[in-house]
>>> print(open('entry-v6.csv').read())   # CSV, C-alpha atoms and all ligand atoms
chain,number,residue,atom,x,y,z
F,207,MET,CA,-164.3,-37.0,-17.2
F,208,THR,CA,-165.2,-33.6,-15.9
F,209,ALA,CA,-168.6,-32.5,-14.6
F,210,GLY,CA,-169.2,-31.0,-18.0
F,211,GLN,CA,-169.0,-34.3,-19.8
F,212,ASP,CA,-171.3,-35.7,-17.1
F,213,ASP,CA,-173.8,-33.0,-17.9
F,214,ILE,CA,-173.7,-33.9,-21.6
F,215,ASP,CA,-174.1,-37.6,-20.7
F,216,ALA,CA,-177.0,-36.8,-18.4
F,217,LEU,CA,-178.6,-34.6,-21.2
F,218,ILE,CA,-178.3,-37.5,-23.7
F,219,GLU,CA,-179.7,-40.0,-21.1
F,220,MET,CA,-182.7,-37.8,-20.4
F,221,MET,CA,-183.4,-37.1,-24.0
F,222,ALA,CA,-183.4,-40.9,-24.7
F,223,LYS,CA,-186.4,-41.1,-22.4
F,224,LEU,CA,-188.5,-39.0,-24.7
F,225,PRO,CA,-191.1,-40.8,-26.8
F,226,GLY,CA,-189.7,-41.1,-30.3
F,227,LEU,CA,-186.1,-40.9,-29.4
F,228,GLY,CA,-183.7,-43.8,-28.7
F,229,PRO,CA,-180.1,-43.7,-27.5
F,230,ARG,CA,-178.6,-43.0,-30.9
F,231,SER,CA,-181.2,-40.4,-31.9
F,232,ALA,CA,-180.8,-38.8,-28.5
F,233,ARG,CA,-177.0,-38.5,-29.1
F,234,ARG,CA,-177.7,-36.9,-32.5
F,235,ALA,CA,-180.2,-34.5,-31.0
F,236,ALA,CA,-177.9,-33.5,-28.2
F,237,LEU,CA,-175.0,-32.8,-30.6
F,238,HIS,CA,-177.4,-30.8,-32.8
F,239,LEU,CA,-178.5,-28.8,-29.7
F,240,ILE,CA,-174.8,-28.1,-28.7
F,241,LYS,CA,-173.9,-27.1,-32.3
F,242,LYS,CA,-176.9,-24.7,-32.3
F,243,ARG,CA,-176.3,-23.6,-28.8
F,244,GLY,CA,-177.3,-19.9,-29.2
F,245,VAL,CA,-180.3,-20.4,-31.4
F,246,LEU,CA,-181.7,-23.7,-30.1
F,247,LEU,CA,-180.2,-25.1,-26.9
F,248,VAL,CA,-180.3,-22.0,-24.8
F,249,PRO,CA,-183.8,-20.9,-25.9
F,250,LEU,CA,-185.1,-24.5,-25.5
F,251,ALA,CA,-183.6,-24.7,-22.0
F,252,GLU,CA,-185.3,-21.3,-21.1
F,253,ALA,CA,-188.7,-22.5,-22.5
F,254,MET,CA,-188.4,-25.7,-20.5
F,255,THR,CA,-187.5,-23.9,-17.4
F,256,ARG,CA,-190.5,-21.5,-17.8
F,257,VAL,CA,-192.9,-24.4,-18.6
F,258,GLY,CA,-191.5,-26.4,-15.8
F,259,ALA,CA,-192.1,-23.6,-13.4
F,260,THR,CA,-195.7,-22.8,-14.5
F,261,ALA,CA,-197.3,-25.8,-16.2
F,262,ARG,CA,-199.9,-27.7,-14.1
F,263,GLU,CA,-203.3,-29.4,-14.6
F,264,CYS,CA,-206.4,-27.2,-14.8
F,265,LEU,CA,-208.4,-28.0,-11.6
F,266,ASN,CA,-211.6,-27.9,-13.6
F,267,CYS,CA,-210.9,-29.9,-16.8
F,268,GLY,CA,-207.5,-31.5,-16.6
F,269,ASN,CA,-206.0,-29.5,-19.5
F,270,ILE,CA,-202.4,-28.3,-19.2
F,271,SER,CA,-202.5,-24.8,-17.7
F,272,THR,CA,-200.2,-22.2,-16.3
F,273,GLY,CA,-202.7,-21.2,-13.6
F,274,ASP,CA,-205.2,-23.1,-11.5
F,275,ILE,CA,-207.8,-22.8,-14.2
F,276,CYS,CA,-207.0,-23.0,-17.9
F,277,ASP,CA,-207.6,-20.4,-20.6
F,278,ILE,CA,-210.5,-22.4,-22.1
F,279,CYS,CA,-212.3,-22.9,-18.8
F,280,GLU,CA,-211.8,-19.2,-18.0
F,281,SER,CA,-213.1,-17.9,-21.3
F,282,ASN,CA,-216.9,-17.1,-21.2
F,283,LYS,CA,-216.9,-17.5,-25.0
F,284,ARG,CA,-216.3,-21.2,-24.5
F,285,ALA,CA,-219.3,-21.6,-22.1
F,286,ASN,CA,-221.8,-22.7,-24.9
F,287,GLY,CA,-223.3,-25.6,-22.9
F,288,GLN,CA,-221.1,-28.2,-24.6
F,289,ILE,CA,-218.3,-30.3,-23.0
F,290,CYS,CA,-216.1,-32.4,-25.2
F,291,VAL,CA,-214.6,-35.4,-23.2
F,292,VAL,CA,-211.2,-36.5,-24.4
F,293,GLU,CA,-208.8,-39.1,-23.1
F,294,ASP,CA,-205.7,-37.0,-23.1
F,295,VAL,CA,-204.4,-33.4,-23.6
F,296,ALA,CA,-202.9,-34.5,-27.0
F,297,ASP,CA,-206.5,-35.2,-28.1
F,298,LEU,CA,-207.6,-31.8,-26.8
F,299,TRP,CA,-204.8,-30.2,-28.9
F,300,ALA,CA,-206.0,-32.2,-31.9
F,301,MET,CA,-209.6,-30.9,-31.4
F,302,GLU,CA,-208.3,-27.3,-31.0
F,303,ARG,CA,-206.2,-27.6,-34.2
F,304,SER,CA,-209.4,-28.6,-36.2
F,305,GLY,CA,-210.9,-25.3,-34.9
F,306,VAL,CA,-214.5,-26.7,-35.2
F,307,PHE,CA,-215.4,-27.1,-31.5
F,308,LYS,CA,-216.4,-24.0,-29.6
F,309,GLY,CA,-217.2,-25.4,-26.2
F,310,ARG,CA,-215.1,-26.6,-23.2
F,311,TYR,CA,-213.2,-29.8,-22.6
F,312,HIS,CA,-212.9,-32.5,-20.0
F,313,VAL,CA,-209.7,-34.5,-20.0
F,314,LEU,CA,-210.2,-38.0,-18.5
F,315,GLY,CA,-206.6,-38.8,-18.3
F,316,GLY,CA,-207.0,-42.3,-19.9
F,317,THR,CA,-209.8,-44.8,-20.5
F,318,LEU,CA,-211.5,-47.3,-18.2
F,319,SER,CA,-209.3,-50.5,-18.2
F,320,ALA,CA,-209.7,-53.4,-15.8
F,321,LEU,CA,-206.3,-54.6,-16.9
F,322,ASP,CA,-204.5,-51.4,-16.0
F,323,GLY,CA,-206.6,-50.9,-12.9
F,324,MET,CA,-208.2,-47.7,-14.3
F,325,GLY,CA,-211.6,-47.2,-12.7
F,326,PRO,CA,-214.0,-44.1,-12.9
F,327,ASP,CA,-212.3,-42.4,-9.9
F,328,GLU,CA,-208.9,-42.6,-11.7
F,329,LEU,CA,-210.4,-40.9,-14.7
F,330,ARG,CA,-211.8,-37.6,-13.5
F,331,ILE,CA,-215.3,-38.9,-14.2
F,332,PRO,CA,-216.7,-37.7,-10.8
F,333,GLN,CA,-215.4,-34.2,-11.6
F,334,LEU,CA,-217.3,-34.4,-15.0
F,335,LYS,CA,-220.5,-35.2,-13.1
F,336,ASP,CA,-219.9,-32.2,-10.8
F,337,ARG,CA,-219.5,-29.9,-13.8
F,338,ILE,CA,-222.8,-30.8,-15.5
F,339,GLY,CA,-224.9,-28.8,-13.1
F,340,ALA,CA,-222.2,-26.2,-12.1
F,341,GLU,CA,-221.7,-25.1,-15.7
F,342,ASP,CA,-225.2,-25.4,-17.1
F,343,VAL,CA,-224.2,-28.1,-19.6
F,344,SER,CA,-226.6,-29.2,-22.3
F,345,GLU,CA,-224.5,-31.7,-24.2
F,346,VAL,CA,-221.6,-33.9,-23.5
F,347,ILE,CA,-219.7,-34.9,-26.6
F,348,LEU,CA,-217.5,-38.0,-26.2
F,349,ALA,CA,-214.4,-37.7,-28.4
F,350,LEU,CA,-212.8,-40.9,-27.4
F,351,GLY,CA,-210.8,-43.3,-29.5
F,352,ALA,CA,-212.5,-46.0,-31.4
F,353,THR,CA,-210.8,-48.7,-29.3
F,354,ILE,CA,-212.5,-51.2,-27.1
F,355,ASP,CA,-211.4,-49.3,-23.9
F,356,GLY,CA,-212.5,-46.0,-25.5
F,357,GLN,CA,-215.9,-47.3,-26.3
F,358,THR,CA,-216.3,-49.0,-22.9
F,359,THR,CA,-215.5,-45.7,-21.3
F,360,ALA,CA,-218.0,-43.9,-23.6
F,361,HIS,CA,-220.8,-46.2,-22.7
F,362,TYR,CA,-220.0,-46.0,-19.0
F,363,ILE,CA,-220.1,-42.2,-19.1
F,364,ALA,CA,-223.4,-42.2,-21.1
F,365,ASP,CA,-225.0,-44.6,-18.5
F,366,HIS,CA,-223.9,-42.3,-15.6
F,367,LEU,CA,-225.1,-39.0,-17.0
F,368,PRO,CA,-228.9,-39.4,-16.9
F,369,GLY,CA,-231.0,-36.5,-18.2
F,370,ILE,CA,-228.3,-35.1,-20.4
F,371,THR,CA,-227.7,-35.4,-24.1
F,372,VAL,CA,-224.6,-37.5,-24.6
F,373,THR,CA,-223.2,-37.7,-28.2
F,374,THR,CA,-220.2,-39.3,-29.6
F,375,LEU,CA,-217.9,-38.7,-32.6
F,376,ALA,CA,-219.0,-41.1,-35.3
F,377,GLN,CA,-218.2,-40.8,-38.9
F,378,GLY,CA,-214.6,-40.6,-39.8
F,379,VAL,CA,-212.9,-42.2,-36.8
F,380,PRO,CA,-211.2,-45.3,-38.1
F,381,VAL,CA,-211.7,-48.5,-36.1
F,382,GLY,CA,-208.8,-49.0,-33.8
F,383,GLY,CA,-207.6,-45.5,-34.5
F,384,GLU,CA,-206.5,-42.8,-32.0
F,385,LEU,CA,-207.8,-39.3,-32.2
F,386,ASP,CA,-204.4,-37.6,-32.2
F,387,TYR,CA,-203.5,-39.3,-35.5
F,388,LEU,CA,-206.5,-37.8,-37.4
F,389,ASP,CA,-206.2,-34.9,-39.8
F,390,ASP,CA,-208.4,-31.8,-39.1
F,391,GLY,CA,-210.9,-32.6,-41.9
F,392,THR,CA,-211.6,-36.0,-40.5
F,393,ILE,CA,-212.1,-34.5,-37.0
F,394,THR,CA,-214.5,-31.9,-38.4
F,395,ALA,CA,-216.5,-34.5,-40.3
F,396,ALA,CA,-216.7,-36.7,-37.2
F,397,LEU,CA,-217.9,-33.9,-35.0
F,398,ASN,CA,-220.5,-32.7,-37.5
F,399,ALA,CA,-221.9,-36.2,-37.9
F,400,ARG,CA,-222.0,-37.0,-34.2
F,401,LYS,CA,-224.9,-39.1,-33.1
F,402,ALA,CA,-226.9,-39.6,-29.9
F,403,LEU,CA,-225.5,-42.5,-27.8
Y,151,MET,CA,-203.8,-17.5,-25.0
Y,152,THR,CA,-201.6,-16.6,-22.1
Y,153,ALA,CA,-197.8,-16.3,-22.1
Y,154,GLY,CA,-197.8,-19.8,-20.6
Y,155,GLN,CA,-199.5,-21.4,-23.7
Y,156,ASP,CA,-197.0,-19.4,-25.8
Y,157,ASP,CA,-194.2,-21.1,-23.9
Y,158,ILE,CA,-195.6,-24.5,-24.5
Y,159,ASP,CA,-196.1,-23.8,-28.2
Y,160,ALA,CA,-192.5,-22.4,-28.4
Y,161,LEU,CA,-191.3,-25.6,-26.6
Y,162,ILE,CA,-193.0,-27.8,-29.1
Y,163,GLU,CA,-191.8,-25.7,-32.1
Y,164,MET,CA,-188.2,-25.9,-30.9
Y,165,MET,CA,-188.4,-29.6,-30.1
Y,166,ALA,CA,-189.7,-30.2,-33.7
Y,167,LYS,CA,-186.4,-28.9,-35.0
Y,168,LEU,CA,-184.5,-31.7,-33.4
Y,169,PRO,CA,-183.3,-34.5,-35.7
Y,170,GLY,CA,-185.6,-37.5,-35.3
Y,171,LEU,CA,-188.6,-35.5,-34.1
Y,172,GLY,CA,-191.4,-34.1,-36.3
Y,173,PRO,CA,-194.3,-31.9,-35.3
Y,174,ARG,CA,-196.4,-34.7,-33.9
Y,175,SER,CA,-193.7,-36.5,-32.0
Y,176,ALA,CA,-192.6,-33.1,-30.7
Y,177,ARG,CA,-196.1,-32.6,-29.3
Y,178,ARG,CA,-196.0,-36.1,-27.7
Y,179,ALA,CA,-192.6,-35.5,-26.3
Y,180,ALA,CA,-193.6,-32.1,-24.9
Y,181,LEU,CA,-196.7,-33.6,-23.2
Y,182,HIS,CA,-194.5,-36.4,-21.8
Y,183,LEU,CA,-192.1,-33.8,-20.4
Y,184,ILE,CA,-194.9,-31.8,-18.8
Y,185,LYS,CA,-196.5,-34.9,-17.3
Y,186,LYS,CA,-193.0,-35.9,-15.9
Y,187,ARG,CA,-192.3,-32.4,-14.8
Y,188,GLY,CA,-190.4,-33.1,-11.6
Y,189,VAL,CA,-188.4,-36.1,-12.8
Y,190,LEU,CA,-187.7,-35.2,-16.4
Y,191,LEU,CA,-188.6,-31.7,-17.5
Y,192,VAL,CA,-187.0,-29.7,-14.7
Y,193,PRO,CA,-183.8,-31.9,-14.6
Y,194,LEU,CA,-183.6,-31.8,-18.5
Y,195,ALA,CA,-183.9,-28.0,-18.4
Y,196,GLU,CA,-181.2,-27.8,-15.8
Y,197,ALA,CA,-178.9,-30.1,-17.8
Y,198,MET,CA,-179.5,-28.0,-21.0
Y,199,THR,CA,-178.8,-24.8,-19.1
Y,200,ARG,CA,-175.5,-26.1,-17.7
Y,201,VAL,CA,-174.5,-27.6,-21.1
Y,202,GLY,CA,-175.5,-24.4,-22.9
Y,203,ALA,CA,-173.4,-22.3,-20.5
Y,204,THR,CA,-170.3,-24.4,-20.7
Y,205,ALA,CA,-170.1,-26.5,-23.9
Y,206,ARG,CA,-167.8,-25.3,-26.6
Y,207,GLU,CA,-165.4,-26.7,-29.2
Y,208,CYS,CA,-162.0,-27.8,-28.0
Y,209,LEU,CA,-159.5,-25.3,-29.5
Y,210,ASN,CA,-157.1,-28.2,-30.2
Y,211,CYS,CA,-159.2,-31.0,-31.7
Y,212,GLY,CA,-162.7,-29.7,-32.2
Y,213,ASN,CA,-164.3,-32.1,-29.7
Y,214,ILE,CA,-167.1,-30.8,-27.5
Y,215,SER,CA,-165.6,-29.5,-24.3
Y,216,THR,CA,-166.5,-27.5,-21.3
Y,217,GLY,CA,-163.1,-25.7,-21.3
Y,218,ASP,CA,-160.9,-24.3,-24.0
Y,219,ILE,CA,-159.1,-27.7,-24.2
Y,220,CYS,CA,-161.1,-31.0,-23.9
Y,221,ASP,CA,-160.4,-33.8,-21.4
Y,222,ILE,CA,-158.8,-36.0,-24.0
Y,223,CYS,CA,-156.4,-33.4,-25.3
Y,224,GLU,CA,-155.6,-32.5,-21.7
Y,225,SER,CA,-154.9,-36.1,-20.6
Y,226,ASN,CA,-151.2,-37.1,-20.8
Y,227,LYS,CA,-152.4,-40.7,-21.0
Y,228,ARG,CA,-153.9,-40.0,-24.4
Y,229,ALA,CA,-150.6,-38.6,-25.8
Y,230,ASN,CA,-149.5,-41.9,-27.4
Y,231,GLY,CA,-148.4,-40.4,-30.7
Y,232,GLN,CA,-151.6,-41.4,-32.5
Y,233,ILE,CA,-154.3,-39.0,-33.7
Y,234,CYS,CA,-157.6,-40.4,-35.0
Y,235,VAL,CA,-159.2,-38.1,-37.5
Y,236,VAL,CA,-163.0,-38.2,-37.6
Y,237,GLU,CA,-165.7,-36.2,-39.4
Y,238,ASP,CA,-167.9,-35.4,-36.5
Y,239,VAL,CA,-168.1,-35.5,-32.7
Y,240,ALA,CA,-170.7,-38.2,-33.1
Y,241,ASP,CA,-168.0,-40.4,-34.7
Y,242,LEU,CA,-165.6,-39.5,-31.9
Y,243,TRP,CA,-168.2,-40.7,-29.4
Y,244,ALA,CA,-168.7,-43.9,-31.4
Y,245,MET,CA,-164.9,-44.5,-31.3
Y,246,GLU,CA,-164.8,-43.9,-27.5
Y,247,ARG,CA,-167.7,-46.3,-26.9
Y,248,SER,CA,-165.7,-49.0,-28.6
Y,249,GLY,CA,-162.9,-48.3,-26.1
Y,250,VAL,CA,-160.2,-49.6,-28.4
Y,251,PHE,CA,-158.5,-46.4,-29.3
Y,252,LYS,CA,-156.1,-44.9,-26.7
Y,253,GLY,CA,-154.8,-41.8,-28.5
Y,254,ARG,CA,-156.2,-38.4,-29.3
Y,255,TYR,CA,-158.7,-37.2,-31.9
Y,256,HIS,CA,-159.0,-34.5,-34.5
Y,257,VAL,CA,-162.6,-33.6,-35.5
Y,258,LEU,CA,-162.7,-32.3,-39.1
Y,259,GLY,CA,-166.2,-31.0,-38.9
Y,260,GLY,CA,-167.2,-32.6,-42.2
Y,261,THR,CA,-165.6,-33.9,-45.4
Y,262,LEU,CA,-164.2,-32.2,-48.4
Y,263,SER,CA,-167.0,-31.5,-50.8
Y,264,ALA,CA,-166.9,-29.3,-53.9
Y,265,LEU,CA,-170.7,-29.4,-54.0
Y,266,ASP,CA,-171.1,-28.0,-50.4
Y,267,GLY,CA,-168.2,-25.6,-50.8
Y,268,MET,CA,-166.2,-27.5,-48.1
Y,269,GLY,CA,-162.4,-27.0,-48.7
Y,270,PRO,CA,-159.5,-27.9,-46.5
Y,271,ASP,CA,-159.7,-24.6,-44.6
Y,272,GLU,CA,-163.3,-25.2,-43.6
Y,273,LEU,CA,-162.3,-28.6,-42.2
Y,274,ARG,CA,-159.7,-28.0,-39.5
Y,275,ILE,CA,-157.1,-29.6,-41.8
Y,276,PRO,CA,-154.5,-26.8,-41.2
Y,277,GLN,CA,-154.9,-27.3,-37.5
Y,278,LEU,CA,-154.2,-31.0,-38.0
Y,279,LYS,CA,-150.9,-30.2,-39.8
Y,280,ASP,CA,-149.9,-27.9,-36.9
Y,281,ARG,CA,-150.5,-30.6,-34.4
Y,282,ILE,CA,-148.2,-33.2,-36.1
Y,283,GLY,CA,-145.1,-31.5,-34.9
Y,284,ALA,CA,-146.4,-29.9,-31.7
Y,285,GLU,CA,-147.7,-33.2,-30.2
Y,286,ASP,CA,-144.9,-35.5,-31.5
Y,287,VAL,CA,-147.4,-37.5,-33.6
Y,288,SER,CA,-146.2,-40.8,-35.2
Y,289,GLU,CA,-149.4,-42.0,-36.8
Y,290,VAL,CA,-152.5,-40.4,-38.1
Y,291,ILE,CA,-155.5,-42.8,-38.3
Y,292,LEU,CA,-158.2,-41.7,-40.7
Y,293,ALA,CA,-161.6,-42.9,-39.3
Y,294,LEU,CA,-163.7,-41.4,-42.0
Y,295,GLY,CA,-166.9,-42.8,-43.6
Y,296,ALA,CA,-166.6,-45.2,-46.6
Y,297,THR,CA,-168.4,-42.6,-48.7
Y,298,ILE,CA,-166.9,-40.9,-51.8
Y,299,ASP,CA,-166.4,-37.6,-49.9
Y,300,GLY,CA,-165.0,-39.5,-46.9
Y,301,GLN,CA,-162.4,-41.3,-49.1
Y,302,THR,CA,-161.6,-38.1,-51.1
Y,303,THR,CA,-160.9,-36.4,-47.8
Y,304,ALA,CA,-158.7,-39.3,-46.6
Y,305,HIS,CA,-156.6,-39.2,-49.7
Y,306,TYR,CA,-156.3,-35.4,-49.5
Y,307,ILE,CA,-155.0,-35.6,-45.9
Y,308,ALA,CA,-152.6,-38.5,-46.7
Y,309,ASP,CA,-151.2,-36.5,-49.6
Y,310,HIS,CA,-150.7,-33.4,-47.4
Y,311,LEU,CA,-149.0,-35.1,-44.4
Y,312,PRO,CA,-145.6,-36.2,-46.0
Y,313,GLY,CA,-143.2,-38.1,-43.7
Y,314,ILE,CA,-145.8,-39.4,-41.4
Y,315,THR,CA,-147.6,-42.8,-41.2
Y,316,VAL,CA,-151.2,-42.3,-42.3
Y,317,THR,CA,-153.5,-45.3,-41.8
Y,318,THR,CA,-157.1,-45.7,-42.4
Y,319,LEU,CA,-159.8,-47.9,-41.0
Y,320,ALA,CA,-160.3,-50.8,-43.4
Y,321,GLN,CA,-162.0,-54.0,-42.6
Y,322,GLY,CA,-165.5,-53.8,-41.3
Y,323,VAL,CA,-166.7,-50.4,-42.6
Y,324,PRO,CA,-169.5,-51.1,-45.0
Y,325,VAL,CA,-169.4,-49.3,-48.3
Y,326,GLY,CA,-171.6,-46.2,-48.1
Y,327,GLY,CA,-171.8,-46.6,-44.4
Y,328,GLU,CA,-171.3,-43.9,-41.7
Y,329,LEU,CA,-169.2,-44.5,-38.7
Y,330,ASP,CA,-171.8,-43.6,-36.1
Y,331,TYR,CA,-174.0,-46.5,-37.3
Y,332,LEU,CA,-171.4,-49.2,-36.6
Y,333,ASP,CA,-171.5,-51.4,-33.5
Y,334,ASP,CA,-168.4,-51.5,-31.2
Y,335,GLY,CA,-167.2,-54.8,-32.5
Y,336,THR,CA,-167.1,-53.6,-36.1
Y,337,ILE,CA,-165.2,-50.5,-35.1
Y,338,THR,CA,-162.7,-52.6,-33.1
Y,339,ALA,CA,-162.2,-54.9,-36.1
Y,340,ALA,CA,-161.8,-52.0,-38.5
Y,341,LEU,CA,-159.2,-50.3,-36.2
Y,342,ASN,CA,-157.2,-53.5,-35.6
Y,343,ALA,CA,-157.1,-54.2,-39.4
Y,344,ARG,CA,-156.1,-50.7,-40.4
Y,345,LYS,CA,-153.7,-50.5,-43.3
Y,346,ALA,CA,-151.2,-47.9,-44.6
Y,347,LEU,CA,-152.6,-45.5,-47.1
O,501,ZN,ZN,-209.7,-26.2,-17.9
O,502,ZN,ZN,-159.5,-31.7,-27.7
>>> encode(input="entry-v6.csv", output="structure tokens")
Amino acid sequence: MTAGQDDIDALIEMMAKLPGLGPRSARRAALHLIKKRGVLLVPLAEAMTRVGATARECLNCGNISTGDICDICESNKRANGQICVVEDVADLWAMERSGVFKGRYHVLGGTLSALDGMGPDELRIPQLKDRIGAEDVSEVILALGATIDGQTTAHYIADHLPGITVTTLAQGVPVGGELDYLDDGTITAALNARKAL
Amino acid sequence: MTAGQDDIDALIEMMAKLPGLGPRSARRAALHLIKKRGVLLVPLAEAMTRVGATARECLNCGNISTGDICDICESNKRANGQICVVEDVADLWAMERSGVFKGRYHVLGGTLSALDGMGPDELRIPQLKDRIGAEDVSEVILALGATIDGQTTAHYIADHLPGITVTTLAQGVPVGGELDYLDDGTITAALNARKAL
């Protein structure tokens, strides 16, 4: 086989590593890309190259950013005294799609988990404490999953932020559910019905 | 939003067009790529760029190739007088994975279908006829799906290749099944038990 076939095989192998794709669907996807070379494969390769060259974590909140500080952290309009704490960037995106939250975020990068060796220092919790004073924060909204680890993390954060209002999404988050699976209306309802922790 | 966020949104939008991925799984996959930037996103972008620059259809058989003529058509070892006719490159890949076929291929690019307006000229059937004499072909093996359109196509080809042995995969192909779903053993059994059409 030539180097070209090796490239196609490498393409399929890497695509099979994406969540949601197995070996067979990766082959189908690669074929689809090659057939739609001009309108899909080449633009996708270009978008990946650009994102690969620029994407990084916001030094302030952990959001994905193309600079040291993300758009949301840089925008004065988002400095309303509220910080919404999420586990993952996917949850931040879900909150943004609902359009109901106007403040800033803090992406933990996971939840506390003794089993997985995830302690507060692995979770960007020290950085959250630093932001409270620096950004004149009046309320921390915990938008964590209704899982045991999510709730453990919520209580840990509430216990370690004395003197500040800590609220949590309440109504609408199904028990055992993950935030990124919720529709916009459910997120809106949960945010509006948030309660003090 | 900056141009960077636009790139991420474009990346997600294009990934959602891949078979097997919807909007949500495309977001998950994009996040996974960004998190694994160095080991997955950048290499995948490079592989896509290379494949996008070189991949094309083999002028002889319709296989995906990085030159005008694919490796299989260029290899004298594969000139054993047998041509295996498949609907799609995915089916060719499935045959190659089974490792049992030693000849060359001819990729139709679909099946005859009055409904979809697919006639013989849309299907690389004229090129198949041209190859019979040019490549000293003794047998054409029809490895088409056991669907109505697949079998219609098989009979059409058999009727239009007078004076040449035309066989078809038989045992092992489930009724209504598509070739790319079969395991290697089933393909091997079907090829070994092929019968004259
Ligand atoms: Zn930020
Ligand atoms: Zn070829």
>>> closest_atom_pairs(input="entry-v6.csv", of="chain Y", to="chain F", cutoff="6 Å", atoms="only C-alpha atoms", output="JSON lines")
{"residue": "Y:Gly154", "atom": "CA", "partner": "F:Thr272", "partner_atom": "CA", "distance": 5.5}
{"residue": "Y:Asp157", "atom": "CA", "partner": "F:Ala253", "partner_atom": "CA", "distance": 5.8}
{"residue": "Y:Leu161", "atom": "CA", "partner": "F:Ala253", "partner_atom": "CA", "distance": 5.8}
{"residue": "Y:Leu168", "atom": "CA", "partner": "F:Ala235", "partner_atom": "CA", "distance": 5.7}
{"residue": "Y:Pro169", "atom": "CA", "partner": "F:Ala235", "partner_atom": "CA", "distance": 5.6}
{"residue": "Y:Ala179", "atom": "CA", "partner": "F:Pro225", "partner_atom": "CA", "distance": 5.5}
{"residue": "Y:Val192", "atom": "CA", "partner": "F:Gly258", "partner_atom": "CA", "distance": 5.7}
{"residue": "Y:Ala195", "atom": "CA", "partner": "F:Ala251", "partner_atom": "CA", "distance": 4.9}
{"residue": "Y:Ala197", "atom": "CA", "partner": "F:Leu217", "partner_atom": "CA", "distance": 5.6}
{"residue": "Y:Met198", "atom": "CA", "partner": "F:Ala251", "partner_atom": "CA", "distance": 5.4}
{"residue": "Y:Thr199", "atom": "CA", "partner": "F:Ala251", "partner_atom": "CA", "distance": 5.6}
{"residue": "Y:Gly202", "atom": "CA", "partner": "F:Val248", "partner_atom": "CA", "distance": 5.7}
{"residue": "Y:Thr216", "atom": "CA", "partner": "F:Gly210", "partner_atom": "CA", "distance": 5.5}
>>> write_last_selection(input="entry-v6.csv", atoms="C-alpha atoms", output="compact mmCIF listing (two decimals), in the frame of the given file")
# COMPACT_ATOMS: atom_id res chain seq x y z
CA GLY Y 154 -197.80 -19.80 -20.60
CA ASP Y 157 -194.20 -21.10 -23.90
CA LEU Y 161 -191.30 -25.60 -26.60
CA LEU Y 168 -184.50 -31.70 -33.40
CA PRO Y 169 -183.30 -34.50 -35.70
CA ALA Y 179 -192.60 -35.50 -26.30
CA VAL Y 192 -187.00 -29.70 -14.70
CA ALA Y 195 -183.90 -28.00 -18.40
CA ALA Y 197 -178.90 -30.10 -17.80
CA MET Y 198 -179.50 -28.00 -21.00
CA THR Y 199 -178.80 -24.80 -19.10
CA GLY Y 202 -175.50 -24.40 -22.90
CA THR Y 216 -166.50 -27.50 -21.30
>>> atom_distance(input="entry-v6.csv", atom1="CA of Gly295 in chain Y", atom2="CA of Ala244 in chain Y")
12.4 Å
>>> residues_around(input="entry-v6.csv", residues="range 261-272 of chain Y", least_positions_apart="2", cutoff="10 Å", atoms="all atoms listed in the file", output="list of chain:residue names")
Y:Val236, Y:Glu237, Y:Asp238, Y:Leu258, Y:Gly259, Y:Arg274, Y:Ile275, Y:Pro276, Y:Gln277, Y:Leu294, Y:Gly295, Y:Thr297, Y:Ile298, Y:Asp299, Y:Gly300, Y:Gln301, Y:Thr302, Y:Thr303, Y:Ala304, Y:Tyr306, Y:Ile307
>>> residues_near_ligand(input="entry-v6.csv", ligand="ligand ZN 502 (chain O)", cutoff="7 Å", atoms="all atoms listed in the file", output="ChimeraX atom specification")
/Y:208-213,219-223,255
>>> atom_distance(input="entry-v6.csv", atom1="CA of Leu367 in chain F", atom2="CA of Ala352 in chain F")
20.4 Å
>>> atom_distance(input="entry-v6.csv", atom1="CA of Ser248 in chain Y", atom2="CA of Lys279 in chain Y")
26.4 Å
>>> closest_residue(input="entry-v6.csv", among="F:Asn282, F:Val306, F:Gly287, F:Val313", to="ligand ZN 501 (chain O)", atoms="all atoms listed in the file")
F:Val313
>>> decode(input="entry-v6.csv", residues="range 204-208 of chain Y", atoms="N, CA, C and O atoms", output="CSV table (one decimal), in the first residue's frame")
chain,number,residue,atom,x,y,z
Y,204,THR,N,-4.9,14.4,-1.8
Y,204,THR,CA,-4.5,13.4,-2.7
Y,204,THR,C,-5.6,12.4,-3.1
Y,204,THR,O,-5.5,11.8,-4.2
Y,205,ALA,N,-6.6,12.2,-2.3
Y,205,ALA,CA,-7.6,11.2,-2.6
Y,205,ALA,C,-8.5,11.5,-3.8
Y,205,ALA,O,-8.9,12.6,-3.9
Y,206,ARG,N,-8.7,10.5,-4.6
Y,206,ARG,CA,-9.6,10.7,-5.8
Y,206,ARG,C,-10.1,9.3,-6.2
Y,206,ARG,O,-9.7,8.3,-5.5
Y,207,GLU,N,-10.9,9.2,-7.2
Y,207,GLU,CA,-11.4,7.9,-7.7
Y,207,GLU,C,-10.4,7.3,-8.7
Y,207,GLU,O,-10.0,8.0,-9.6
Y,208,CYS,N,-10.1,6.1,-8.5
Y,208,CYS,CA,-9.3,5.4,-9.5
Y,208,CYS,C,-10.0,5.4,-10.9
Y,208,CYS,O,-11.2,5.1,-11.0
